[in-house]
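These notes are about the structure you will find just below.
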Amino acid sequence: MVTLVLKDLLVQKKLLGLELAYILVLSYAFRTMGEWLPLSIISTVGFMFVILSGAWDDRASADRLWNSLPVPKWQIVGSRYLAVFVWTALAAVLTCIALVVLPKLGFPTTSEGVSLDKAAAGVGTVMVLTSIFLPVYFAFGYTKSRVLNILVFTSSISLAGMVSNFMAGRPAWVEAVAQIGSFSMWGASTFVVILLLALSFALSLKLYQRREF
Amino acid sequence: MTPILELRSVTKRFAGFTLEQINFALEPGYIMGFIGPNGAGKTTTIKLIMNLLRLEGGEIMIFGLDSRRHEQEIKQRIGFVFDESHFYENLTIAEMTRLIAPFYRSWDWAAYQKYITLFDLPERKLLAQFSRGMKMKYALAVALSHGAELLIMDEPTSGLDPLARSEFLDILRDVILDERRSVLLSSHITSDLDRIADYVTLINAGRIIFSKSKEELLDEYALVKGEKSVLEAGLRPYVVGLKEGQFGFEGLVTNKVEVQRIAGSRAVFEQPNLEEILLFCVRGKANGHLGA
């Protein structure tokens, strides 16, 4: 399974420069989002790479290749989920570095830096988006799931903006949730995200086992 | 001896096409040519063997094992060459092989290097820069580098120019015949199989027309040419495929010995090649016209 994750990295290695460029563009374009900027960039860039992995496989009709080799289907599906952690970690690290370094170089972006909770929220957002996207991808393939990609991708960007505006008003329930204690809240959120990923994996595997190549 | 590959009553239905009751077997150490016109069901059959499509009826036994229940074990022992490249074009073959090799328990790097050198493949060149012939040779190198006992090739020569096709077939003949692997090779280019096949299975419109050794085929079938009066003298029951003109006919007949007895010196007999057998069997008796 690790080999298949390595495959994603190898196939997309030349796009890492693009990832950096994308972070720069988003750092400028979304600079008014303030402390929510890291969440937007990490979720956008991380999810973009999840989608691009599918695009490369589709271009080569790689499902036929991997399914003709002695590779169990659970590994093919599982590797895609495992790769999500790699892409998100990469997006998070690069975004954090960019948002710390760029203001010091005079680049017009937010000067609020990166807080751990916003970066973690970005990582969580990619996981949630992926949980929705991958079952559709494994059921219908990349080409047919492209419509969903566009919907999920654009709505995630719009949602990020809406959330930042909404949270700025500090509604009552946000205050109430804040009283629960950050440790419990993050613990519960992490549990929900992992549960969502696990359910998504089980569904993806079931759907992929029905696919024909 | 247990066949290395056996299909029993294999069935698969699509809208507008059905693969119906497919039966054939390949004995260890032989090369079977799987022939038929485009759309006959060759690729569908091969995809069913490889579990790329779901079987709807019948069973497929490979190495004596059920192809669905022992899929991973079987795929360890199979080398598969597609009709087109499914490798990542932005990788070199060195990178591509690093991704494929770990999945095979008996991957043999020395054998791989031998074939890469033999096929003259540049390891540091991107697959996007490879010609179709080079990609096919690379696919063959991969298929041969893990001790596969059965090679399955789906139209490996289609789309290759005559030079590349000839070179690919020479490699196949030299490498495979030397090592006596079992091979199922599908092609609609029958001249490819004239050179190397031990057995020939003909499929048309989703049904197997015959599955026989090449010797049996050549013993059984004959190409007959003569005047129409000869045809009417008792030959018709033996005719498999026919082209008729105003005065004469040309046809493929079975039971060569009996037909020779009936026609005597009034007809000319020739040994058909696989292409002629395929053409006459597929066209049948109804629609051929001499000179058409």
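FYI, nothing fancy with the structure tokens labels: chains A, B, ... in order, residues from 1 per chain, ligands from 1 as they appear.
If you count only C-alpha atoms and ignore residues fewer than 3 places along the chain from Leu15 (chain A), what sits within 12 Å of it is A:Asp8, A:Leu9, A:Leu10, A:Val11, A:Gln12, A:Leu18, A:Glu19, A:Leu20, A:Ala21, A:Tyr22, A:Val45, A:Met48, A:Phe49, A:Leu52, A:Ser53, A:Trp56, A:Trp87, B:Asn90.
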Counting only C-alpha atoms, which residues in chain B sit no more than 6 Å from chain A? For each one, give the nearest pair of atoms and the distance in Å, sorted by chain then residue number, as a tab-separated table.
residue	atom	partner	partner_atom	distance
B:Leu52	CA	A:Phe213	CA	5.0
B:Leu53	CA	A:Glu212	CA	4.8
B:Gln72	CA	A:Pro70	CA	4.9
B:Lys75	CA	A:Pro70	CA	5.0
B:Gln76	CA	A:Pro70	CA	5.7
B:His86	CA	A:Ala60	CA	5.0
B:Phe87	CA	A:Ala60	CA	6.0
B:Tyr88	CA	A:Ala60	CA	5.7
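Here the question is which of B:Met136, B:Leu223, B:Ile35, B:Ala101 gets nearest to Thr157 (chain B) using only C-alpha atoms, and that residue is B:Met136.
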Return as number ranges by chain the full set of residues in region 86-264 of chain B whose backbone-based DSSP assignment is alpha helix (DSSP H). B: 93-100, 109-118, 132-144, 162-179, 190-196, 214-220, 228-231, 256-263
Taking only C-alpha atoms into account, name the residue in B:Val175, B:Leu91, B:Leu242, B:Leu7 that is nearest to Gln129 (chain B).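 So, comparing all the options, the nearest one is B:Leu91.
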Which residues are near Gly41 (chain B)? Cut-off 8 Å, only C-alpha atoms, ignore same chain within fewer than 5 positions. Put them as a PyMOL selection string. chain B and resi 19+36+203-207
Output of the above residues as a PDB file, in the first residue's frame, restricted to N, CA and C atoms:
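Result went into part.pdb, see below:
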ATOM      1  N   LEU B  19     -21.496 -12.705 -24.264  1.00  0.00           N
ATOM      2  CA  LEU B  19     -20.483 -13.744 -24.381  1.00  0.00           C
ATOM      3  C   LEU B  19     -21.155 -15.019 -23.868  1.00  0.00           C
ATOM      4  N   GLY B  36     -10.216 -13.740 -33.723  1.00  0.00           N
ATOM      5  CA  GLY B  36     -11.602 -13.359 -34.006  1.00  0.00           C
ATOM      6  C   GLY B  36     -11.617 -11.939 -34.516  1.00  0.00           C
ATOM      7  N   ILE B 203     -13.154 -17.100 -31.916  1.00  0.00           N
ATOM      8  CA  ILE B 203     -14.390 -16.597 -31.318  1.00  0.00           C
ATOM      9  C   ILE B 203     -15.042 -15.632 -32.299  1.00  0.00           C
ATOM     10  N   ASN B 204     -16.354 -15.699 -32.391  1.00  0.00           N
ATOM     11  CA  ASN B 204     -17.081 -14.761 -33.242  1.00  0.00           C
ATOM     12  C   ASN B 204     -18.435 -14.472 -32.620  1.00  0.00           C
ATOM     13  N   ALA B 205     -18.782 -13.196 -32.564  1.00  0.00           N
ATOM     14  CA  ALA B 205     -20.069 -12.752 -32.005  1.00  0.00           C
ATOM     15  C   ALA B 205     -20.342 -13.372 -30.629  1.00  0.00           C
ATOM     16  N   GLY B 206     -19.312 -13.456 -29.806  1.00  0.00           N
ATOM     17  CA  GLY B 206     -19.472 -13.929 -28.432  1.00  0.00           C
ATOM     18  C   GLY B 206     -19.555 -15.432 -28.263  1.00  0.00           C
ATOM     19  N   ARG B 207     -19.283 -16.193 -29.348  1.00  0.00           N
ATOM     20  CA  ARG B 207     -19.334 -17.653 -29.256  1.00  0.00           C
ATOM     21  C   ARG B 207     -18.044 -18.261 -29.794  1.00  0.00           C
TER      22      ARG B 207
END
So which one's closest to Asp120 (chain B), B:Val259, B:Ala141, B:Leu217, B:Leu163? Using only C-alpha atoms, please.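 Among the listed residues, B:Ala141 lies closest to Asp120 (chain B).
Residues in contact with Met134 (chain B) at 9 Å, where only C-alpha atoms are counted and same-chain residues fewer than 6 positions away are skipped, are listed as Phe119, Asp120, Leu121, Leu127 and Ala164 of chain B.
Of the listed residues B:Phe14, B:Phe34, B:Tyr138, B:Phe63, the one whose atoms come nearest to Leu193 (chain B) is B:Phe34, with distances taken using only C-alpha atoms.
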Excluding Thr117 (chain B) and residues on its chain fewer than 5 positions from it, collect all residues at most 12 Å away from it, counting only C-alpha atoms, and give them as a ChimeraX atom specification. /B:110-112,122-123,137-138,141
Output C-alpha atoms for every residue in that selection, as a PDB file, in the first residue's frame.
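This went into result.pdb:
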ATOM      1  CA  ALA B 110      18.438  -9.807 -12.928  1.00  0.00           C
ATOM      2  CA  ALA B 111      15.856 -11.111 -15.411  1.00  0.00           C
ATOM      3  CA  TYR B 112      14.361  -7.627 -15.687  1.00  0.00           C
ATOM      4  CA  PRO B 122      16.370   3.347 -22.129  1.00  0.00           C
ATOM      5  CA  GLU B 123      15.663   3.259 -18.399  1.00  0.00           C
ATOM      6  CA  LYS B 137       8.390  -4.290 -25.237  1.00  0.00           C
ATOM      7  CA  TYR B 138       8.501  -2.727 -21.766  1.00  0.00           C
ATOM      8  CA  ALA B 141       9.762  -7.183 -19.991  1.00  0.00           C
TER       9      ALA B 141
END
Shell of 9 Å around Arg68 (chain B), only C-alpha atoms, local chain residues under 6 positions omitted, as a ChimeraX atom specification: /B:51,55,59-61
Keeping only C-alpha atoms, write those residues as a PDB file, in the first residue's frame.
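Everything below was put into selection38.pdb:
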ATOM      1  CA  ASN B  51     -11.103 -10.535 -13.100  1.00  0.00           C
ATOM      2  CA  LEU B  55     -18.290 -13.229 -14.273  1.00  0.00           C
ATOM      3  CA  GLU B  59     -16.125 -20.689 -14.003  1.00  0.00           C
ATOM      4  CA  ILE B  60     -12.538 -19.928 -14.866  1.00  0.00           C
ATOM      5  CA  MET B  61      -9.805 -22.163 -13.496  1.00  0.00           C
TER       6      MET B  61
END
